file upload.pdb (PDB, C-alpha atoms and all ligand atoms)
ATOM      1  CA  MET A   1      91.983  65.938 135.189  1.00  0.00           C
ATOM      2  CA  LEU A   2      92.749  68.967 133.041  1.00  0.00           C
ATOM      3  CA  LYS A   3      91.881  71.485 135.746  1.00  0.00           C
ATOM      4  CA  ARG A   4      94.405  69.897 138.131  1.00  0.00           C
ATOM      5  CA  LEU A   5      97.077  69.144 135.549  1.00  0.00           C
ATOM      6  CA  SER A   6     100.256  70.975 136.436  1.00  0.00           C
ATOM      7  CA  VAL A   7     103.810  69.943 135.620  1.00  0.00           C
ATOM      8  CA  THR A   8     106.868  71.834 136.872  1.00  0.00           C
ATOM      9  CA  ALA A   9     109.671  72.807 134.515  1.00  0.00           C
ATOM     10  CA  ASP A  10     112.001  70.274 136.173  1.00  0.00           C
ATOM     11  CA  GLU A  11     109.470  67.449 135.843  1.00  0.00           C
ATOM     12  CA  ARG A  12     108.958  68.404 132.220  1.00  0.00           C
ATOM     13  CA  THR A  13     112.669  68.320 131.457  1.00  0.00           C
ATOM     14  CA  CYS A  14     112.873  64.873 133.001  1.00  0.00           C
ATOM     15  CA  ILE A  15     109.779  63.459 131.250  1.00  0.00           C
ATOM     16  CA  ASN A  16     110.815  64.910 127.904  1.00  0.00           C
ATOM     17  CA  ARG A  17     114.246  63.349 128.228  1.00  0.00           C
ATOM     18  CA  THR A  18     112.602  59.977 128.798  1.00  0.00           C
ATOM     19  CA  ILE A  19     110.344  60.438 125.780  1.00  0.00           C
ATOM     20  CA  VAL A  20     113.286  61.410 123.547  1.00  0.00           C
ATOM     21  CA  GLY A  21     115.250  58.386 124.764  1.00  0.00           C
ATOM     22  CA  ARG A  22     112.405  55.977 124.076  1.00  0.00           C
ATOM     23  CA  LEU A  23     111.687  57.384 120.642  1.00  0.00           C
ATOM     24  CA  LEU A  24     115.314  57.355 119.505  1.00  0.00           C
ATOM     25  CA  GLN A  25     115.655  53.815 120.754  1.00  0.00           C
ATOM     26  CA  ASP A  26     112.450  52.354 119.287  1.00  0.00           C
ATOM     27  CA  SER A  27     111.803  54.192 116.049  1.00  0.00           C
ATOM     28  CA  PRO A  28     113.255  52.861 112.798  1.00  0.00           C
ATOM     29  CA  HIS A  29     113.115  56.422 111.385  1.00  0.00           C
ATOM     30  CA  VAL A  30     113.783  58.779 114.243  1.00  0.00           C
ATOM     31  CA  GLN A  31     117.395  57.849 114.992  1.00  0.00           C
ATOM     32  CA  LEU A  32     118.713  61.372 115.212  1.00  0.00           C
ATOM     33  CA  PRO A  33     117.136  64.560 116.591  1.00  0.00           C
ATOM     34  CA  ASN A  34     117.205  65.903 113.028  1.00  0.00           C
ATOM     35  CA  PHE A  35     115.549  62.876 111.457  1.00  0.00           C
ATOM     36  CA  THR A  36     114.664  62.983 107.766  1.00  0.00           C
ATOM     37  CA  THR A  37     111.622  60.709 107.701  1.00  0.00           C
ATOM     38  CA  ILE A  38     108.869  59.949 110.134  1.00  0.00           C
ATOM     39  CA  SER A  39     105.876  57.626 109.977  1.00  0.00           C
ATOM     40  CA  GLY A  40     102.401  57.501 111.453  1.00  0.00           C
ATOM     41  CA  THR A  41     103.649  54.743 113.764  1.00  0.00           C
ATOM     42  CA  ASP A  42     106.289  57.105 115.168  1.00  0.00           C
ATOM     43  CA  VAL A  43     103.572  59.659 115.849  1.00  0.00           C
ATOM     44  CA  ARG A  44     101.488  56.995 117.598  1.00  0.00           C
ATOM     45  CA  CYS A  45     104.440  55.925 119.776  1.00  0.00           C
ATOM     46  CA  LEU A  46     105.091  59.538 120.657  1.00  0.00           C
ATOM     47  CA  PHE A  47     101.428  59.924 121.622  1.00  0.00           C
ATOM     48  CA  ASP A  48     101.549  56.824 123.821  1.00  0.00           C
ATOM     49  CA  HIS A  49     104.622  58.054 125.698  1.00  0.00           C
ATOM     50  CA  TYR A  50     103.039  61.449 126.287  1.00  0.00           C
ATOM     51  CA  ASP A  51      99.766  59.921 127.392  1.00  0.00           C
ATOM     52  CA  GLU A  52     101.519  57.653 129.849  1.00  0.00           C
ATOM     53  CA  LEU A  53     104.013  60.137 131.299  1.00  0.00           C
ATOM     54  CA  TYR A  54     102.011  63.379 131.288  1.00  0.00           C
ATOM     55  CA  PHE A  55      98.438  62.160 131.590  1.00  0.00           C
ATOM     56  CA  GLY A  56      98.785  58.840 133.423  1.00  0.00           C
ATOM     57  CA  SER A  57      97.112  57.243 130.345  1.00  0.00           C
ATOM     58  CA  TRP A  58      93.992  59.357 130.939  1.00  0.00           C
ATOM     59  CA  LEU A  59      93.696  60.192 127.218  1.00  0.00           C
ATOM     60  CA  ARG A  60      93.395  56.524 126.222  1.00  0.00           C
ATOM     61  CA  ARG A  61      90.894  55.893 129.012  1.00  0.00           C
ATOM     62  CA  ALA A  62      88.821  58.927 128.019  1.00  0.00           C
ATOM     63  CA  LEU A  63      88.872  57.814 124.376  1.00  0.00           C
ATOM     64  CA  GLY A  64      87.559  54.381 125.316  1.00  0.00           C
ATOM     65  CA  VAL A  65      86.522  52.689 122.076  1.00  0.00           C
ATOM     66  CA  ILE A  66      86.627  55.850 119.942  1.00  0.00           C
ATOM     67  CA  PRO A  67      89.367  55.326 117.329  1.00  0.00           C
ATOM     68  CA  LEU A  68      92.322  57.707 117.234  1.00  0.00           C
ATOM     69  CA  GLU A  69      94.452  57.536 114.101  1.00  0.00           C
ATOM     70  CA  PHE A  70      97.844  59.046 113.359  1.00  0.00           C
ATOM     71  CA  ARG A  71      99.088  60.382 110.076  1.00  0.00           C
ATOM     72  CA  VAL A  72     102.067  62.210 108.631  1.00  0.00           C
ATOM     73  CA  SER A  73     101.003  64.641 105.945  1.00  0.00           C
ATOM     74  CA  PRO A  74     103.276  66.130 103.276  1.00  0.00           C
ATOM     75  CA  ARG A  75     100.362  68.300 102.148  1.00  0.00           C
ATOM     76  CA  MET A  76      99.940  70.368 105.270  1.00  0.00           C
ATOM     77  CA  THR A  77     101.882  73.468 104.323  1.00  0.00           C
ATOM     78  CA  ARG A  78     100.779  75.941 107.008  1.00  0.00           C
ATOM     79  CA  ALA A  79      99.770  74.089 110.155  1.00  0.00           C
ATOM     80  CA  GLY A  80     102.410  72.014 111.924  1.00  0.00           C
ATOM     81  CA  GLY A  81      99.781  69.616 113.200  1.00  0.00           C
ATOM     82  CA  LYS A  82      96.072  69.082 113.168  1.00  0.00           C
ATOM     83  CA  THR A  83      93.623  67.248 115.381  1.00  0.00           C
ATOM     84  CA  GLY A  84      90.749  66.115 113.193  1.00  0.00           C
ATOM     85  CA  PHE A  85      87.476  64.746 114.478  1.00  0.00           C
ATOM     86  CA  TRP A  86      84.345  63.482 112.833  1.00  0.00           C
ATOM     87  CA  ARG A  87      80.743  63.158 113.928  1.00  0.00           C
ATOM     88  CA  LYS A  88      77.552  62.217 112.092  1.00  0.00           C
ATOM     89  CA  ASP A  89      75.956  65.592 112.655  1.00  0.00           C
ATOM     90  CA  ARG A  90      76.371  68.575 114.922  1.00  0.00           C
ATOM     91  CA  ASN A  91      74.630  67.036 117.908  1.00  0.00           C
ATOM     92  CA  SER A  92      76.188  63.580 117.652  1.00  0.00           C
ATOM     93  CA  PRO A  93      79.184  62.564 119.724  1.00  0.00           C
ATOM     94  CA  ILE A  94      82.602  62.447 118.067  1.00  0.00           C
ATOM     95  CA  GLU A  95      83.141  59.018 116.556  1.00  0.00           C
ATOM     96  CA  ARG A  96      86.702  59.259 115.299  1.00  0.00           C
ATOM     97  CA  PHE A  97      89.829  61.339 115.961  1.00  0.00           C
ATOM     98  CA  GLU A  98      93.008  61.837 113.981  1.00  0.00           C
ATOM     99  CA  ILE A  99      96.272  63.573 114.781  1.00  0.00           C
ATOM    100  CA  ALA A 100      98.192  64.628 111.678  1.00  0.00           C
ATOM    101  CA  ILE A 101     101.701  66.071 111.628  1.00  0.00           C
ATOM    102  CA  SER A 102     103.137  68.062 108.722  1.00  0.00           C
ATOM    103  CA  SER A 103     106.253  66.381 107.380  1.00  0.00           C
ATOM    104  CA  THR A 104     106.762  69.260 104.944  1.00  0.00           C
ATOM    105  CA  LEU A 105     107.211  71.915 107.628  1.00  0.00           C
ATOM    106  CA  LEU A 106     109.545  69.735 109.664  1.00  0.00           C
ATOM    107  CA  ALA A 107     111.599  68.853 106.588  1.00  0.00           C
ATOM    108  CA  GLN A 108     111.821  72.475 105.434  1.00  0.00           C
ATOM    109  CA  THR A 109     113.025  73.721 108.783  1.00  0.00           C
ATOM    110  CA  PHE A 110     116.306  72.855 110.552  1.00  0.00           C
ATOM    111  CA  SER A 111     118.489  72.467 107.483  1.00  0.00           C
ATOM    112  CA  ASP A 112     122.129  73.547 107.838  1.00  0.00           C
ATOM    113  CA  ASP A 113     121.689  76.833 105.985  1.00  0.00           C
ATOM    114  CA  GLN A 114     119.120  78.016 108.542  1.00  0.00           C
ATOM    115  CA  ALA A 115     121.440  77.649 111.514  1.00  0.00           C
ATOM    116  CA  ASP A 116     121.291  81.371 112.256  1.00  0.00           C
ATOM    117  CA  ARG A 117     117.552  81.477 112.559  1.00  0.00           C
ATOM    118  CA  THR A 118     115.782  80.858 115.883  1.00  0.00           C
ATOM    119  CA  ILE A 119     112.754  78.633 115.456  1.00  0.00           C
ATOM    120  CA  ARG A 120     110.033  78.785 118.059  1.00  0.00           C
ATOM    121  CA  VAL A 121     107.098  76.444 118.252  1.00  0.00           C
ATOM    122  CA  THR A 122     104.405  77.159 120.874  1.00  0.00           C
ATOM    123  CA  GLY A 123     106.668  79.946 122.097  1.00  0.00           C
ATOM    124  CA  LEU A 124     109.555  77.598 122.951  1.00  0.00           C
ATOM    125  CA  VAL A 125     112.885  77.564 121.152  1.00  0.00           C
ATOM    126  CA  CYS A 126     113.361  74.408 119.071  1.00  0.00           C
ATOM    127  CA  ARG A 127     116.839  73.347 118.032  1.00  0.00           C
ATOM    128  CA  THR A 128     115.964  70.165 116.197  1.00  0.00           C
ATOM    129  CA  ARG A 129     113.105  68.575 114.266  1.00  0.00           C
ATOM    130  CA  LEU A 130     112.433  66.338 117.234  1.00  0.00           C
ATOM    131  CA  ASP A 131     112.018  69.407 119.486  1.00  0.00           C
ATOM    132  CA  ALA A 132     109.519  70.841 117.005  1.00  0.00           C
ATOM    133  CA  LEU A 133     107.688  67.534 116.585  1.00  0.00           C
ATOM    134  CA  MET A 134     107.272  67.249 120.355  1.00  0.00           C
ATOM    135  CA  ARG A 135     105.975  70.805 120.734  1.00  0.00           C
ATOM    136  CA  ILE A 136     103.503  70.194 117.893  1.00  0.00           C
ATOM    137  CA  MET A 137     102.368  66.935 119.500  1.00  0.00           C
ATOM    138  CA  GLU A 138     101.879  68.690 122.842  1.00  0.00           C
ATOM    139  CA  HIS A 139      99.724  71.315 121.182  1.00  0.00           C
ATOM    140  CA  GLU A 140      97.595  68.647 119.503  1.00  0.00           C
ATOM    141  CA  LEU A 141      97.285  66.762 122.799  1.00  0.00           C
ATOM    142  CA  VAL A 142      95.719  69.807 124.403  1.00  0.00           C
ATOM    143  CA  HIS A 143      93.232  69.965 121.520  1.00  0.00           C
ATOM    144  CA  LEU A 144      92.420  66.291 121.973  1.00  0.00           C
ATOM    145  CA  ALA A 145      92.099  66.610 125.757  1.00  0.00           C
ATOM    146  CA  GLU A 146      89.770  69.603 125.424  1.00  0.00           C
ATOM    147  CA  LEU A 147      87.636  67.781 122.872  1.00  0.00           C
ATOM    148  CA  LEU A 148      87.372  64.773 125.160  1.00  0.00           C
ATOM    149  CA  CYS A 149      86.382  66.923 128.136  1.00  0.00           C
ATOM    150  CA  TRP A 150      84.251  69.643 126.588  1.00  0.00           C
ATOM    151  CA  ASP A 151      83.506  68.485 123.040  1.00  0.00           C
ATOM    152  CA  SER A 152      85.107  71.650 121.658  1.00  0.00           C
ATOM    153  CA  SER A 153      88.583  73.116 121.472  1.00  0.00           C
ATOM    154  CA  SER A 154      90.167  76.361 120.383  1.00  0.00           C
ATOM    155  CA  CYS A 155      93.815  77.262 120.781  1.00  0.00           C
ATOM    156  CA  SER A 156      93.087  80.980 120.621  1.00  0.00           C
ATOM    157  CA  GLN A 157      91.049  80.738 123.855  1.00  0.00           C
ATOM    158  CA  ASP A 158      92.182  81.148 127.459  1.00  0.00           C
ATOM    159  CA  ARG A 159      91.157  77.659 128.557  1.00  0.00           C
ATOM    160  CA  PHE A 160      93.418  76.027 125.956  1.00  0.00           C
ATOM    161  CA  GLN A 161      96.319  78.344 126.671  1.00  0.00           C
ATOM    162  CA  SER A 162      96.066  77.773 130.403  1.00  0.00           C
ATOM    163  CA  ILE A 163      96.246  73.986 129.978  1.00  0.00           C
ATOM    164  CA  ALA A 164      99.094  74.256 127.445  1.00  0.00           C
ATOM    165  CA  TRP A 165     101.040  76.463 129.863  1.00  0.00           C
ATOM    166  CA  ARG A 166     100.468  74.333 132.964  1.00  0.00           C
ATOM    167  CA  ALA A 167     101.205  71.012 131.269  1.00  0.00           C
ATOM    168  CA  PHE A 168     103.864  71.904 128.730  1.00  0.00           C
ATOM    169  CA  GLY A 169     105.060  75.445 129.466  1.00  0.00           C
ATOM    170  CA  HIS A 170     103.758  76.758 126.143  1.00  0.00           C
ATOM    171  CA  THR A 171     103.665  80.524 125.925  1.00  0.00           C
ATOM    172  CA  ASP A 172     102.154  80.734 122.448  1.00  0.00           C
ATOM    173  CA  HIS A 173      99.783  78.666 120.344  1.00  0.00           C
ATOM    174  CA  ARG A 174     101.541  79.292 117.055  1.00  0.00           C
ATOM    175  CA  HIS A 175     104.672  78.038 115.316  1.00  0.00           C
ATOM    176  CA  ALA A 176     107.427  79.759 113.388  1.00  0.00           C
ATOM    177  CA  LEU A 177     108.401  76.783 111.254  1.00  0.00           C
ATOM    178  CA  ILE A 178     109.375  77.723 107.746  1.00  0.00           C
ATOM    179  CA  THR A 179     106.419  77.310 105.413  1.00  0.00           C
ATOM    180  CA  PRO A 180     106.746  76.708 101.652  1.00  0.00           C
ATOM    181  CA  ARG A 181     105.206  80.160 101.195  1.00  0.00           C
ATOM    182  CA  GLU A 182     107.947  81.752 103.282  1.00  0.00           C
ATOM    183  CA  SER A 183     110.833  79.919 101.642  1.00  0.00           C
ATOM    184  CA  ALA A 184     109.389  80.787  98.216  1.00  0.00           C
ATOM    185  CA  ALA A 185     109.100  84.458  99.221  1.00  0.00           C
ATOM    186  CA  ALA A 186     112.767  84.372 100.261  1.00  0.00           C
ATOM    187  CA  VAL A 187     113.702  83.717  96.615  1.00  0.00           C
ATOM    188  CA  GLY A 188     111.248  86.311  95.306  1.00  0.00           C
ATOM    189  CA  ILE A 189     108.314  84.022  94.464  1.00  0.00           C
ATOM    190  CA  ARG A 190     104.986  85.296  95.844  1.00  0.00           C
ATOM    191  CA  PRO A 191     101.416  85.429  94.634  1.00  0.00           C
ATOM    192  CA  GLY A 192     101.386  87.872  91.719  1.00  0.00           C
ATOM    193  CA  THR A 193     105.066  87.395  90.759  1.00  0.00           C
ATOM    194  CA  HIS A 194     105.611  87.069  87.007  1.00  0.00           C
ATOM    195  CA  VAL A 195     107.643  83.969  86.313  1.00  0.00           C
ATOM    196  CA  ARG A 196     109.226  81.909  83.581  1.00  0.00           C
ATOM    197  CA  PHE A 197     109.614  78.134  83.625  1.00  0.00           C
ATOM    198  CA  ASP A 198     110.258  75.278  81.222  1.00  0.00           C
ATOM    199  CA  CYS A 199     107.572  72.770  80.418  1.00  0.00           C
ATOM    200  CA  HIS A 200     108.485  69.876  78.094  1.00  0.00           C
ATOM    201  CA  GLY A 201     111.279  71.983  76.568  1.00  0.00           C
ATOM    202  CA  LYS A 202     109.021  74.984  75.993  1.00  0.00           C
ATOM    203  CA  SER A 203     109.539  78.293  77.787  1.00  0.00           C
ATOM    204  CA  MET A 204     106.353  79.367  79.559  1.00  0.00           C
ATOM    205  CA  HIS A 205     105.439  82.742  81.048  1.00  0.00           C
ATOM    206  CA  GLY A 206     102.787  83.317  83.643  1.00  0.00           C
ATOM    207  CA  PHE A 207     102.214  84.556  87.162  1.00  0.00           C
ATOM    208  CA  VAL A 208     102.070  82.890  90.532  1.00  0.00           C
ATOM    209  CA  ASN A 209      98.564  82.463  91.883  1.00  0.00           C
ATOM    210  CA  ARG A 210      99.286  80.476  95.037  1.00  0.00           C
ATOM    211  CA  VAL A 211     102.143  78.804  96.865  1.00  0.00           C
ATOM    212  CA  THR A 212     101.495  75.574  98.736  1.00  0.00           C
ATOM    213  CA  LYS A 213     103.862  72.657  98.398  1.00  0.00           C
ATOM    214  CA  ARG A 214     104.385  73.778  94.803  1.00  0.00           C
ATOM    215  CA  ALA A 215     103.472  77.060  93.144  1.00  0.00           C
ATOM    216  CA  THR A 216     100.311  77.372  91.088  1.00  0.00           C
ATOM    217  CA  VAL A 217     101.213  79.360  87.973  1.00  0.00           C
ATOM    218  CA  LEU A 218      98.573  80.733  85.604  1.00  0.00           C
ATOM    219  CA  VAL A 219      99.589  80.980  81.954  1.00  0.00           C
ATOM    220  CA  HIS A 220      97.456  82.799  79.373  1.00  0.00           C
ATOM    221  CA  ALA A 221      95.791  80.301  77.031  1.00  0.00           C
ATOM    222  CA  ASP A 222      92.833  80.834  74.696  1.00  0.00           C
ATOM    223  CA  ASP A 223      91.497  77.377  75.448  1.00  0.00           C
ATOM    224  CA  GLY A 224      92.119  77.735  79.213  1.00  0.00           C
ATOM    225  CA  GLN A 225      89.741  78.181  82.077  1.00  0.00           C
ATOM    226  CA  GLN A 226      88.082  81.530  82.678  1.00  0.00           C
ATOM    227  CA  TYR A 227      89.171  83.381  85.849  1.00  0.00           C
ATOM    228  CA  SER A 228      87.556  86.249  87.734  1.00  0.00           C
ATOM    229  CA  ASP A 229      89.790  88.810  85.968  1.00  0.00           C
ATOM    230  CA  GLY A 230      87.999  87.892  82.710  1.00  0.00           C
ATOM    231  CA  ASN A 231      91.039  86.188  81.152  1.00  0.00           C
ATOM    232  CA  THR A 232      91.498  82.542  80.336  1.00  0.00           C
ATOM    233  CA  TYR A 233      94.446  80.677  81.833  1.00  0.00           C
ATOM    234  CA  ARG A 234      95.895  77.233  82.001  1.00  0.00           C
ATOM    235  CA  LYS A 235      97.033  76.193  85.456  1.00  0.00           C
ATOM    236  CA  TYR A 236     100.476  74.640  86.119  1.00  0.00           C
ATOM    237  CA  TYR A 237     101.796  73.211  89.368  1.00  0.00           C
ATOM    238  CA  VAL A 238     105.499  73.950  89.389  1.00  0.00           C
ATOM    239  CA  PRO A 239     108.156  73.312  92.063  1.00  0.00           C
ATOM    240  CA  VAL A 240     109.304  76.721  93.303  1.00  0.00           C
ATOM    241  CA  GLU A 241     112.954  75.998  92.454  1.00  0.00           C
ATOM    242  CA  MET A 242     111.993  75.663  88.754  1.00  0.00           C
ATOM    243  CA  LEU A 243     110.544  79.169  88.625  1.00  0.00           C
ATOM    244  CA  GLU A 244     112.503  82.186  87.519  1.00  0.00           C
ATOM    245  CA  PRO A 245     111.027  85.585  88.465  1.00  0.00           C
ATOM    246  CA  VAL A 246     110.823  88.027  85.518  1.00  0.00           C
ATOM    247  CA  ASP A 247     110.082  91.772  85.518  1.00  0.00           C
TER
HETATM  248 ZN    ZN B   1      95.675  74.682 117.514  1.00  0.00          ZN
END
call {"tool": "encode", "arguments": {"input": "upload.pdb", "output": "structure tokens"}}
result
Amino acid sequence: MLKRLSVTADERTCINRTIVGRLLQDSPHVQLPNFTTISGTDVRCLFDHYDELYFGSWLRRALGVIPLEFRVSPRMTRAGGKTGFWRKDRNSPIERFEIAISSTLLAQTFSDDQADRTIRVTGLVCRTRLDALMRIMEHELVHLAELLCWDSSSCSQDRFQSIAWRAFGHTDHRHALITPRESAAAVGIRPGTHVRFDCHGKSMHGFVNRVTKRATVLVHADDGQQYSDGNTYRKYYVPVEMLEPVD
């Protein structure tokens, strides 16, 4: 199936238009290409349309009774999507799959103030959140298909990239969605930055240790936890917009 899979650019345009039409019509959340919320059910519907129109429902047949779940994750702050799979031990067959999509990256990208920035996902220009969601789903579908066929999958390998190109026209396996780390860096907040913030009316000083959805700020405290630099700190999770860089 995967070795033969080949879709022309024209066929792709046509199939994708059908998928967009179905999703906009059926989803209670995805009513506009720049939707603001999305649910696991939307991701499942998207999967079903792709499976039907690109794979002739081969993915569902290959899965058989193995469960495949769908999830939207606000906590994924680097990857746009992830295909998870579980097995009892290394030599056991996979007994469950999950496709997760990052709502944080989609929400952070495609706001009005980023209109001048070109966003590419899998090498293809995305103009809306729906474009990006579809490219992410396509990438995860190749992971799933590889896992079903060969029990392993890696998007940095030739086999993956060949399938992704032939089926979906992908020229890259990465995304350029705006991560929390990048948008924080744009306002001068990076690991190591000294910052000030208010906590229960008190002004606190510390430095940024990490940026995920929020920033982790370490503040000197005698009763804090010991860190590898020998000092003791208390850890605060602070929304980036509440941090003020200081010299
Ligand atoms: Zn990948």
call {"tool": "residues_around", "arguments": {"input": "upload.pdb", "residues": "range 183-195 of chain A", "least_positions_apart": "2", "cutoff": "8 Å", "atoms": "only C-alpha atoms", "output": "VMD selection string"}}
result
chain A and resid 178 to 181 197 205 to 211 240 243 to 247
call {"tool": "write_last_selection", "arguments": {"input": "upload.pdb", "atoms": "C-alpha atoms", "output": "JSON list (two decimals), in the frame of the given file"}}
result
[["chain", "number", "residue", "atom", "x", "y", "z"],
["A", 178, "ILE", "CA", 109.38, 77.72, 107.75],
["A", 179, "THR", "CA", 106.42, 77.31, 105.41],
["A", 180, "PRO", "CA", 106.75, 76.71, 101.65],
["A", 181, "ARG", "CA", 105.21, 80.16, 101.20],
["A", 197, "PHE", "CA", 109.61, 78.13, 83.62],
["A", 205, "HIS", "CA", 105.44, 82.74, 81.05],
["A", 206, "GLY", "CA", 102.79, 83.32, 83.64],
["A", 207, "PHE", "CA", 102.21, 84.56, 87.16],
["A", 208, "VAL", "CA", 102.07, 82.89, 90.53],
["A", 209, "ASN", "CA", 98.56, 82.46, 91.88],
["A", 210, "ARG", "CA", 99.29, 80.48, 95.04],
["A", 211, "VAL", "CA", 102.14, 78.80, 96.86],
["A", 240, "VAL", "CA", 109.30, 76.72, 93.30],
["A", 243, "LEU", "CA", 110.54, 79.17, 88.62],
["A", 244, "GLU", "CA", 112.50, 82.19, 87.52],
["A", 245, "PRO", "CA", 111.03, 85.58, 88.46],
["A", 246, "VAL", "CA", 110.82, 88.03, 85.52],
["A", 247, "ASP", "CA", 110.08, 91.77, 85.52]]
call {"tool": "residues_near_ligand", "arguments": {"input": "upload.pdb", "ligand": "ligand ZN 1 (chain B)", "cutoff": "7 Å", "atoms": "all atoms listed in the file", "output": "count of residues only"}}
result
6
call {"tool": "closest_residue", "arguments": {"input": "upload.pdb", "among": "A:Leu63, A:Leu68, A:Ile101, A:Met242", "to": "Arg135 in chain A", "atoms": "all atoms listed in the file"}}
result
A:Ile101
call {"tool": "resolve_selection", "arguments": {"input": "upload.pdb", "expression": "the PyMOL selection byres (((chain A and resi 144-153) around 9) and not hetatm)", "output": "PyMOL selection string"}}
result
chain A and resi 2+59+62-63+83-85+93-94+97+99+139-143+154-155+157+159-160
call {"tool": "resolve_selection", "arguments": {"input": "upload.pdb", "expression": "the PyMOL selection byres (((chain A and resi 39-43) around 8) and not hetatm)", "output": "CSV table (one decimal) with C-alpha atoms, in the coordinates of the input"}}
result
chain,number,residue,atom,x,y,z
A,23,LEU,CA,111.7,57.4,120.6
A,27,SER,CA,111.8,54.2,116.0
A,29,HIS,CA,113.1,56.4,111.4
A,30,VAL,CA,113.8,58.8,114.2
A,37,THR,CA,111.6,60.7,107.7
A,38,ILE,CA,108.9,59.9,110.1
A,44,ARG,CA,101.5,57.0,117.6
A,45,CYS,CA,104.4,55.9,119.8
A,46,LEU,CA,105.1,59.5,120.7
A,47,PHE,CA,101.4,59.9,121.6
A,70,PHE,CA,97.8,59.0,113.4
A,71,ARG,CA,99.1,60.4,110.1
A,72,VAL,CA,102.1,62.2,108.6
A,101,ILE,CA,101.7,66.1,111.6
call {"tool": "atom_distance", "arguments": {"input": "upload.pdb", "atom1": "CA of Ala164 in chain A", "atom2": "CA of Gly56 in chain A"}}
result
16.5 Å
call {"tool": "atom_distance", "arguments": {"input": "upload.pdb", "atom1": "CA of Leu124 in chain A", "atom2": "CA of Thr13 in chain A"}}
result
13.0 Å
call {"tool": "resolve_selection", "arguments": {"input": "upload.pdb", "expression": "the PyMOL selection byres (((chain A and resi 222) around 9) and not hetatm)", "output": "list in words"}}
result
His220, Ala221, Asp223, Gly224, Gln225, Asn231, Thr232, Tyr233 and Arg234 of chain A
call {"tool": "closest_residue", "arguments": {"input": "upload.pdb", "among": "A:Gln161, A:Asn34, A:Ser57, A:Thr104", "to": "Cys126 in chain A", "atoms": "all atoms listed in the file"}}
result
A:Asn34
call {"tool": "residues_around", "arguments": {"input": "upload.pdb", "residues": "Pro74 in chain A", "least_positions_apart": "4", "cutoff": "10 Å", "atoms": "only C-alpha atoms", "output": "PyMOL selection string"}}
result
chain A and resi 100-107+213
call {"tool": "decode", "arguments": {"input": "upload.pdb", "residues": "range 79-83 of chain A", "atoms": "all heavy atoms", "output": "short mmCIF file (atom, residue, chain, number, x, y, z; two decimals), in the first residue's frame"}}
result
data_model
loop_
_atom_site.label_atom_id
_atom_site.label_comp_id
_atom_site.auth_asym_id
_atom_site.auth_seq_id
_atom_site.Cartn_x
_atom_site.Cartn_y
_atom_site.Cartn_z
N ALA A 79 6.39 20.25 19.57
CA ALA A 79 5.90 19.46 18.44
C ALA A 79 4.49 19.92 18.09
O ALA A 79 3.71 20.26 18.98
CB ALA A 79 5.90 17.99 18.81
N GLY A 80 4.18 19.94 16.79
CA GLY A 80 2.83 20.27 16.37
C GLY A 80 1.88 19.11 16.57
O GLY A 80 0.70 19.27 16.84
N GLY A 81 2.41 17.92 16.43
CA GLY A 81 1.62 16.70 16.62
C GLY A 81 2.49 15.59 17.12
O GLY A 81 3.73 15.70 17.11
N LYS A 82 1.84 14.52 17.55
CA LYS A 82 2.63 13.39 18.04
C LYS A 82 1.81 12.11 17.88
O LYS A 82 0.63 12.09 18.20
CB LYS A 82 2.96 13.60 19.52
CG LYS A 82 3.96 12.59 20.05
CD LYS A 82 4.39 13.00 21.44
CE LYS A 82 5.43 12.10 22.07
NZ LYS A 82 5.63 10.78 21.56
N THR A 83 2.45 11.08 17.33
CA THR A 83 1.80 9.79 17.26
C THR A 83 2.39 8.91 18.35
O THR A 83 3.57 8.54 18.28
CB THR A 83 2.01 9.14 15.87
OG1 THR A 83 1.45 10.03 14.89
CG2 THR A 83 1.33 7.79 15.77
#
